[in-house]
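Novice: This is the content of my_file-v1.cif (mmCIF, C-alpha atoms and all ligand atoms):
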```cif
data_structure
loop_
_atom_site.label_atom_id
_atom_site.label_comp_id
_atom_site.auth_asym_id
_atom_site.auth_seq_id
_atom_site.Cartn_x
_atom_site.Cartn_y
_atom_site.Cartn_z
CA MET A 1 74.58 87.97 118.16
CA LEU A 2 76.01 91.47 117.76
CA ARG A 3 73.58 94.39 117.98
CA ILE A 4 74.23 97.39 115.77
CA ALA A 5 72.33 100.68 116.08
CA ILE A 6 71.92 102.70 112.90
CA GLN A 7 69.99 105.85 112.04
CA LYS A 8 66.34 105.18 111.23
CA SER A 9 65.99 107.97 108.69
CA GLY A 10 68.22 110.86 107.72
CA ARG A 11 71.56 111.45 106.10
CA LEU A 12 73.22 108.33 107.50
CA ALA A 13 70.36 105.85 107.16
CA GLU A 14 70.64 104.66 103.58
CA LYS A 15 74.43 104.40 103.47
CA SER A 16 74.56 102.61 106.83
CA LEU A 17 72.24 99.89 105.54
CA GLY A 18 74.06 99.99 102.21
CA ILE A 19 77.41 99.22 103.79
CA LEU A 20 75.95 96.19 105.59
CA SER A 21 74.45 95.01 102.34
CA GLU A 22 77.81 95.48 100.54
CA CYS A 23 79.25 93.20 103.24
CA GLY A 24 76.86 90.49 102.09
CA ILE A 25 74.63 90.85 105.14
CA ARG A 26 70.95 90.46 104.32
CA ILE A 27 68.55 92.47 106.45
CA PRO A 28 64.81 92.11 105.92
CA ASN A 29 63.48 95.46 104.83
CA GLY A 30 60.33 96.22 106.82
CA SER A 31 59.85 99.97 106.84
CA GLY A 32 58.79 101.31 110.20
CA THR A 33 60.37 98.43 112.12
CA LEU A 34 62.52 99.16 115.15
CA LYS A 35 64.72 96.14 114.80
CA ALA A 36 65.57 93.43 112.34
CA SER A 37 67.81 90.38 112.35
CA ALA A 38 70.16 89.54 109.52
CA SER A 39 69.31 86.23 107.90
CA ASN A 40 72.88 85.18 107.16
CA PHE A 41 75.10 86.85 109.80
CA PRO A 42 74.82 87.01 113.62
CA LEU A 43 73.72 90.63 113.59
CA GLU A 44 70.65 92.44 114.87
CA VAL A 45 69.98 95.98 113.65
CA LEU A 46 68.25 98.63 115.80
CA PHE A 47 66.86 101.65 113.95
CA LEU A 48 67.15 104.81 116.09
CA ARG A 49 67.55 108.58 115.99
CA ASP A 50 71.25 109.31 115.63
CA ASP A 51 71.29 111.43 118.81
CA ASP A 52 70.16 108.40 120.85
CA ILE A 53 72.79 106.01 119.52
CA PRO A 54 75.68 107.08 121.83
CA GLN A 55 73.58 106.43 124.93
CA TYR A 56 72.25 103.09 123.66
CA VAL A 57 75.76 101.89 122.89
CA ALA A 58 77.26 103.23 126.13
CA ASP A 59 74.47 101.48 128.10
CA GLY A 60 74.99 98.23 126.24
CA VAL A 61 71.50 98.13 124.69
CA ALA A 62 73.40 98.08 121.39
CA ASP A 63 76.99 96.84 121.09
CA VAL A 64 78.05 99.02 118.20
CA GLY A 65 76.58 101.89 116.20
CA ILE A 66 77.10 103.90 113.05
CA LEU A 67 77.05 107.66 113.50
CA GLY A 68 78.72 110.94 112.67
CA GLU A 69 82.01 111.59 114.43
CA ASN A 70 80.53 114.98 115.36
CA VAL A 71 77.88 113.25 117.48
CA VAL A 72 80.46 110.90 119.01
CA ARG A 73 82.63 113.84 120.05
CA GLU A 74 79.64 115.76 121.39
CA LYS A 75 78.01 112.98 123.42
CA GLY A 76 80.07 109.86 123.03
CA LYS A 77 81.45 109.22 126.51
CA ASN A 78 82.64 105.63 127.02
CA LEU A 79 82.65 104.87 123.31
CA ARG A 80 85.55 103.96 121.09
CA ILE A 81 85.69 104.72 117.39
CA VAL A 82 86.60 101.46 115.69
CA GLU A 83 86.44 102.33 112.00
CA PRO A 84 85.95 105.44 109.85
CA LEU A 85 83.51 104.70 107.04
CA GLY A 86 84.29 107.51 104.61
CA PHE A 87 80.75 108.79 104.01
CA ALA A 88 78.66 111.68 105.43
CA LYS A 89 81.76 113.85 105.37
CA CYS A 90 81.25 117.33 106.79
CA ARG A 91 82.93 119.78 109.13
CA LEU A 92 81.88 121.63 112.24
CA SER A 93 82.70 125.28 111.71
CA LEU A 94 82.29 128.73 113.16
CA ALA A 95 80.51 131.19 110.89
CA ILE A 96 79.71 134.88 111.14
CA GLN A 97 77.71 137.38 109.12
CA ARG A 98 79.28 137.92 105.73
CA GLU A 99 79.66 141.68 106.02
CA LYS A 100 81.56 141.45 109.33
CA ASN A 101 85.27 142.01 109.24
CA TYR A 102 87.10 138.95 110.57
CA GLU A 103 90.74 138.93 111.53
CA GLY A 104 91.03 135.87 113.75
CA LEU A 105 89.63 133.96 116.69
CA GLU A 106 89.85 137.00 118.97
CA TRP A 107 86.76 138.20 117.11
CA PHE A 108 84.71 135.75 119.22
CA GLN A 109 85.83 137.25 122.54
CA GLY A 110 82.66 138.21 124.46
CA LYS A 111 80.35 137.19 121.59
CA ARG A 112 77.24 134.97 121.66
CA ILE A 113 77.47 131.80 119.57
CA ALA A 114 74.47 129.60 118.73
CA THR A 115 75.19 125.89 118.31
CA SER A 116 73.89 122.34 118.69
CA TYR A 117 77.41 121.29 119.69
CA PRO A 118 78.04 123.11 123.00
CA ASN A 119 80.52 120.54 124.35
CA ILE A 120 82.81 120.49 121.34
CA LEU A 121 82.58 124.26 120.97
CA GLN A 122 83.24 125.00 124.65
CA GLN A 123 86.32 122.80 124.58
CA PHE A 124 87.59 124.55 121.46
CA LEU A 125 87.00 127.99 123.00
CA ASP A 126 88.73 126.99 126.24
CA GLU A 127 91.73 125.66 124.35
CA ASN A 128 91.97 128.97 122.52
CA LYS A 129 91.28 131.10 125.60
CA ILE A 130 88.17 132.67 124.12
CA GLN A 131 85.35 133.65 126.45
CA ALA A 132 82.00 133.57 124.70
CA THR A 133 78.39 132.85 125.61
CA LEU A 134 76.94 129.72 124.06
CA GLU A 135 73.29 129.53 123.03
CA ALA A 136 72.57 125.81 122.79
CA ILE A 137 69.77 125.23 120.27
CA SER A 138 68.76 122.04 118.57
CA GLY A 139 67.93 123.08 115.01
CA SER A 140 67.95 125.88 112.42
CA VAL A 141 71.12 127.26 113.95
CA GLU A 142 71.88 129.21 110.77
CA ILE A 143 69.04 131.67 111.35
CA ALA A 144 70.28 132.72 114.83
CA PRO A 145 72.38 135.75 113.75
CA GLY A 146 69.61 137.03 111.45
CA ILE A 147 67.01 137.03 114.23
CA GLY A 148 69.39 138.55 116.77
CA LEU A 149 69.75 135.43 118.92
CA ALA A 150 73.52 135.28 118.47
CA ASP A 151 76.50 137.02 116.85
CA ALA A 152 77.81 133.83 115.29
CA ILE A 153 77.04 130.15 114.85
CA CYS A 154 78.90 126.89 115.10
CA ASP A 155 77.29 124.28 112.84
CA LEU A 156 77.91 121.47 110.38
CA VAL A 157 78.85 122.47 106.86
CA SER A 158 79.17 120.34 103.78
CA THR A 159 78.69 122.37 100.60
CA GLY A 160 78.43 125.73 102.38
CA SER A 161 75.20 126.64 100.61
CA THR A 162 73.16 126.87 103.84
CA LEU A 163 75.64 129.38 105.24
CA TYR A 164 75.67 131.30 101.99
CA SER A 165 71.91 131.57 101.68
CA ASN A 166 71.72 132.85 105.26
CA GLY A 167 74.27 135.60 104.68
CA LEU A 168 76.98 133.86 106.70
CA LYS A 169 80.63 133.03 106.03
CA GLU A 170 82.69 130.18 107.44
CA VAL A 171 85.71 131.49 109.34
CA GLN A 172 87.10 128.56 111.33
CA THR A 173 86.82 124.77 111.16
CA ILE A 174 86.65 123.07 114.55
CA LEU A 175 86.23 119.42 113.60
CA GLU A 176 86.32 117.32 110.43
CA SER A 177 83.69 114.60 110.58
CA GLN A 178 82.54 111.47 108.77
CA ALA A 179 80.43 108.44 109.61
CA VAL A 180 82.21 106.02 111.94
CA ILE A 181 81.52 102.73 113.69
CA VAL A 182 81.59 103.10 117.45
CA ALA A 183 81.62 100.34 120.05
CA LYS A 184 81.20 100.06 123.76
CA THR A 185 84.62 100.29 125.42
CA GLU A 186 84.44 96.63 126.45
CA LEU A 187 82.61 93.90 124.56
CA GLU A 188 82.22 90.24 125.48
CA PRO A 189 84.81 88.14 123.59
CA GLU A 190 82.13 86.45 121.43
CA LYS A 191 80.80 89.84 120.34
CA GLU A 192 84.29 91.18 119.73
CA THR A 193 84.84 88.21 117.39
CA ILE A 194 81.68 88.99 115.42
CA LEU A 195 82.70 92.66 115.29
CA ASP A 196 86.10 91.62 113.88
CA GLN A 197 84.34 89.59 111.17
CA LEU A 198 82.14 92.55 110.34
CA LEU A 199 85.14 94.93 110.23
CA PHE A 200 87.03 92.51 107.98
CA ARG A 201 84.19 92.72 105.46
CA ILE A 202 83.79 96.47 105.81
CA ARG A 203 87.51 97.05 105.23
CA ALA A 204 87.42 94.85 102.13
CA TYR A 205 84.52 96.92 100.81
CA ILE A 206 86.11 100.29 101.64
CA ALA A 207 89.46 99.27 100.15
CA ALA A 208 87.66 98.15 96.98
CA ARG A 209 85.82 101.46 96.78
CA GLU A 210 89.07 103.42 97.08
CA HIS A 211 90.89 101.42 94.38
CA LYS A 212 90.46 100.58 90.73
CA TYR A 213 91.66 97.68 88.65
CA ILE A 214 93.74 98.89 85.72
CA LEU A 215 94.69 97.04 82.53
CA LEU A 216 96.88 98.46 79.80
CA ASN A 217 99.05 97.47 76.88
CA ALA A 218 102.66 98.62 76.67
CA PRO A 219 105.87 97.92 74.79
CA ASN A 220 108.02 95.47 76.78
CA ASP A 221 110.81 97.98 77.36
CA ALA A 222 108.35 100.32 79.12
CA ILE A 223 107.19 97.64 81.61
CA PRO A 224 109.81 98.39 84.33
CA ALA A 225 108.94 102.10 84.40
CA ILE A 226 105.19 101.41 84.38
CA THR A 227 105.61 98.82 87.14
CA ALA A 228 107.36 101.43 89.27
CA LEU A 229 104.36 103.71 88.76
CA LEU A 230 101.76 100.97 89.36
CA PRO A 231 103.17 98.70 92.04
CA GLY A 232 99.75 97.13 92.73
CA MET A 233 99.07 94.92 95.74
CA LYS A 234 102.31 92.95 95.33
CA SER A 235 103.47 93.60 91.80
CA PRO A 236 101.57 93.90 88.54
CA THR A 237 100.61 90.91 86.41
CA VAL A 238 102.41 91.06 83.06
CA LEU A 239 101.13 88.89 80.21
CA PRO A 240 102.52 88.72 76.66
CA LEU A 241 100.33 90.03 73.87
CA SER A 242 100.19 88.07 70.62
CA GLU A 243 101.88 91.04 68.97
CA PRO A 244 105.65 90.58 69.51
CA GLY A 245 107.35 93.08 71.83
CA TRP A 246 104.13 94.03 73.63
CA SER A 247 102.61 93.04 76.98
CA SER A 248 99.42 93.57 78.89
CA LEU A 249 99.88 94.85 82.44
CA HIS A 250 97.24 94.44 85.17
CA SER A 251 97.40 96.23 88.49
CA VAL A 252 95.49 97.97 91.25
CA VAL A 253 95.62 101.72 91.69
CA ARG A 254 94.20 104.17 94.22
CA GLU A 255 91.37 106.07 92.61
CA ASP A 256 92.57 109.41 93.96
CA THR A 257 95.99 109.03 92.33
CA PHE A 258 94.82 107.52 89.06
CA TRP A 259 93.99 110.73 87.21
CA SER A 260 97.31 112.33 88.05
CA MET A 261 99.12 109.26 86.65
CA ILE A 262 97.40 108.95 83.36
CA ASP A 263 99.60 111.40 81.41
CA GLU A 264 102.72 109.75 82.75
CA LEU A 265 101.42 106.30 81.72
CA LYS A 266 100.75 107.53 78.19
CA ARG A 267 104.14 109.22 78.03
CA LEU A 268 105.74 105.88 78.97
CA GLY A 269 103.95 104.25 76.03
CA ALA A 270 100.83 102.76 77.62
CA GLU A 271 97.88 102.21 75.27
CA GLY A 272 94.37 100.82 75.54
CA ILE A 273 94.07 101.72 79.20
CA LEU A 274 91.03 100.16 80.90
CA VAL A 275 89.99 101.01 84.45
CA THR A 276 87.31 98.99 86.21
CA LYS A 277 85.61 98.78 89.56
CA ILE A 278 86.74 96.29 92.19
CA GLU A 279 83.99 94.47 94.07
CA LYS A 280 85.95 93.52 97.23
CA MET A 281 89.63 93.84 98.10
CA ILE A 282 91.34 91.74 100.81
CA GLN A 283 94.78 93.15 101.58
O1 LIG B 301 66.44 112.40 112.94
P1 LIG B 301 67.83 112.24 113.46
O2 LIG B 301 68.08 112.89 114.77
O3 LIG B 301 68.28 110.80 113.40
O4 LIG B 301 68.77 112.98 112.36
P2 LIG B 301 69.39 114.45 112.37
O5 LIG B 301 68.42 115.35 111.69
O6 LIG B 301 69.91 114.82 113.71
O7 LIG B 301 70.68 114.23 111.51
P3 LIG B 301 70.91 114.26 109.93
O8 LIG B 301 70.30 113.04 109.30
O9 LIG B 301 70.60 115.60 109.36
O10 LIG B 301 72.50 114.13 109.93
C1 LIG B 301 73.11 113.00 110.42
C2 LIG B 301 74.62 113.17 110.31
O11 LIG B 301 74.99 113.43 108.95
C3 LIG B 301 75.22 114.33 111.06
O12 LIG B 301 75.39 114.08 112.45
C4 LIG B 301 76.56 114.49 110.36
O13 LIG B 301 77.50 113.56 110.90
C5 LIG B 301 76.25 114.08 108.93
N1 LIG B 301 76.18 115.23 108.00
C6 LIG B 301 76.93 115.34 106.87
C7 LIG B 301 75.43 116.34 108.09
C8 LIG B 301 75.73 117.14 106.99
N2 LIG B 301 76.65 116.50 106.25
C9 LIG B 301 75.06 118.41 106.82
N3 LIG B 301 75.33 119.12 105.85
N4 LIG B 301 74.50 116.72 109.00
C10 LIG B 301 73.86 117.89 108.82
N5 LIG B 301 74.10 118.75 107.79
C11 LIG B 301 73.29 120.00 107.76
C12 LIG B 301 73.88 121.13 108.61
O14 LIG B 301 73.48 121.02 109.96
C13 LIG B 301 73.32 122.38 107.94
O15 LIG B 301 72.01 122.62 108.33
O16 LIG B 301 73.20 120.52 106.47
C14 LIG B 301 73.29 121.94 106.48
C15 LIG B 301 74.58 122.37 105.84
O17 LIG B 301 74.74 121.74 104.60
P4 LIG B 301 75.36 122.55 103.36
O18 LIG B 301 75.54 121.51 102.30
O19 LIG B 301 74.36 123.59 103.00
O20 LIG B 301 76.68 123.13 103.82
ZN ZN B 302 69.75 113.84 115.27
#
```
Represent the structure contained in this file as structure tokens.
Ligand code: PRT
Ligand code: ZN
Specialist:
Amino acid sequence: MLRIAIQKSGRLAEKSLGILSECGIRIPNGSGTLKASASNFPLEVLFLRDDDIPQYVADGVADVGILGENVVREKGKNLRIVEPLGFAKCRLSLAIQREKNYEGLEWFQGKRIATSYPNILQQFLDENKIQATLEAISGSVEIAPGIGLADAICDLVSTGSTLYSNGLKEVQTILESQAVIVAKTELEPEKETILDQLLFRIRAYIAAREHKYILLNAPNDAIPAITALLPGMKSPTVLPLSEPGWSSLHSVVREDTFWSMIDELKRLGAEGILVTKIEKMIQ
């Protein structure tokens, strides 16, 4: 049995459970429980505060965990990141009061910076030869400059609206973060095998999420050019339409490139373009 630690409640909680469910793993849903066993996969789930997950995994109480890369970098000694999961994207950034004039990192020389990420920040400052005083605080970092606790902050940003409403501006990104699966550096071979099975399913789900299935009709003489544009997993499926001289082409396309291709497809003669979701994708 593999033990996975996930966040009990918060920004990672729902999507962490969601990804397991997308992998076909059924977990009984008792709210308030600390642990639950999957009914159809050798997996036990521990529900914890995200800050505690690195320690639990490093100590071997859990074998793997889902948490923000920011937390892994801050406290994740003896952990390896085994898979990025593509959700809970954010960045750890330095921010200063909006009216301050900023011309570069030298601004921070001798300043006080409030943060919940003293390890990551100290390393960044050392690398850039900036000497500053860190005020390590655990929450509401964004109010520190306003109440005179610090000259600047280093905190997570996603939309930027928290910074904006506190009169701050982002001046330097230190780390890009997303949810990741972490594992203890060494796992027993049986657990490593279960982890591989889990990762196989997760990758199939993530690949499916990042791709779309595309179907279109095109005149036969346009098929080579469209095939070059839509190579698919191996090559597109081309089926004759009952109308002479026309074919239907089926392929797989990355969602992030699809919109930029659509004009080109139409220019090449594609018609009746359908784009649908893929449930799972095994590459
Ligand atoms: O209770 P527990 O300790 O488990 O949870 P928590 O309160 O420590 O963490 P939680 O649930 O807030 O965040 C969990 C993880 O989500 C973080 O470690 C990040 O990896 C990720 N994440 C993604 C974020 C954000 N986006 C985010 N925007 N975590 C926090 N924020 C906060 C940020 O600190 C700031 O206060 O949101 C505010 C900024 O958001 P914008 O949209 O205004 O820029
Ligand atoms: Zn936390």
Novice: Sorted by chain and rising residue number, list the residues of chain A at most 7 Å from ligand LIG 301 (chain B) (counting all atoms listed in the file), each with its closest atom pair and distance in Å to one decimal, as CSV.
Specialist:
```
residue,atom,partner,partner_atom,distance
A:Gln7,CA,B:LIG301,O3,5.4
A:Lys8,CA,B:LIG301,O3,6.3
A:Ser9,CA,B:LIG301,O3,6.0
A:Gly10,CA,B:LIG301,O8,3.4
A:Arg11,CA,B:LIG301,O8,3.8
A:Leu12,CA,B:LIG301,C1,5.5
A:Leu48,CA,B:LIG301,O3,6.7
A:Arg49,CA,B:LIG301,O3,3.5
A:Asp50,CA,B:LIG301,O3,4.0
A:Asp51,CA,B:LIG301,O2,5.4
A:Leu67,CA,B:LIG301,O13,6.5
A:Gly68,CA,B:LIG301,O13,3.4
A:Glu69,CA,B:LIG301,O13,6.1
A:Asn70,CA,B:LIG301,O13,5.6
A:Val71,CA,B:LIG301,O12,5.7
A:Ala88,CA,B:LIG301,C6,4.3
A:Lys89,CA,B:LIG301,C6,5.3
A:Cys90,CA,B:LIG301,N2,4.7
A:Ser140,CA,B:LIG301,O15,6.6
A:Asp155,CA,B:LIG301,O14,5.8
A:Leu156,CA,B:LIG301,C12,4.4
A:Val157,CA,B:LIG301,O20,3.8
A:Ser158,CA,B:LIG301,O20,3.7
A:Thr159,CA,B:LIG301,O18,3.7
A:Gly160,CA,B:LIG301,O20,3.4
A:Ser161,CA,B:LIG301,O19,4.0
A:Thr162,CA,B:LIG301,O19,3.6
A:Leu163,CA,B:LIG301,O19,6.3
A:Ser177,CA,B:LIG301,O13,6.3
A:Gln178,CA,B:LIG301,O13,5.9
A:Ala179,CA,B:LIG301,O13,6.0
```
Novice: May I have the protein, DNA and RNA residues with an atom at most 9 Å from (81.7, 99.4, 120.0), counting all atoms listed in the file in the file's coordinates, returned as a list of chain:residue names?
Specialist: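 Residues with an atom close enough to that point: A:Ile4, A:Val57, A:Ala58, A:Ala62, A:Asp63, A:Val64, A:Gly65, A:Leu79, A:Arg80, A:Ile81, A:Val82, A:Ile181, A:Val182, A:Ala183, A:Lys184, A:Thr185, A:Glu186, A:Leu187, A:Glu192, A:Leu195.
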Novice: Between A:Gly272, A:Gly18, A:Gly245, A:Gly24, which one has atoms that come closest to Phe87 of chain A, using only C-alpha atoms?
Specialist: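 Under the stated criterion, the closest residue is A:Gly18.
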Novice: When distances are computed from all atoms listed in the file, which of A:Glu99, A:Glu176, A:Glu264, A:Glu243 shows the smallest separation from Ile226 of chain A?
Specialist: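 Nearest to Ile226 of chain A: A:Glu264.
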Novice: If I take atom CA of Val45 of chain A and atom CA of Glu22 of chain A, how far is one from the other in Å, to one decimal?
Specialist: 15.3 Å
Novice: Find the residue from A:Asp256, A:Glu210, A:Asp59, A:Glu279 that sits nearest to Gly86 of chain A; use only C-alpha atoms when measuring.
Specialist: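 Comparing A:Asp256, A:Glu210, A:Asp59, A:Glu279 against Gly86 of chain A, the winner is A:Glu210.
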Novice: Of the candidates A:Ile174, A:Ala207, A:Ile6, A:Met1, which one gets nearest to ligand ZN 302 (chain B) if we count only C-alpha atoms and all ligand atoms?
Specialist: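 Closest to ligand ZN 302 (chain B), using only C-alpha atoms and all ligand atoms: A:Ile6.
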Novice: Counting only C-alpha atoms, which residue out of A:Asp151, A:Ala5, A:Leu239, A:Pro244 sits closest to Leu34 of chain A?
Specialist: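 Using only C-alpha atoms, Leu34 of chain A sits closest to A:Ala5.
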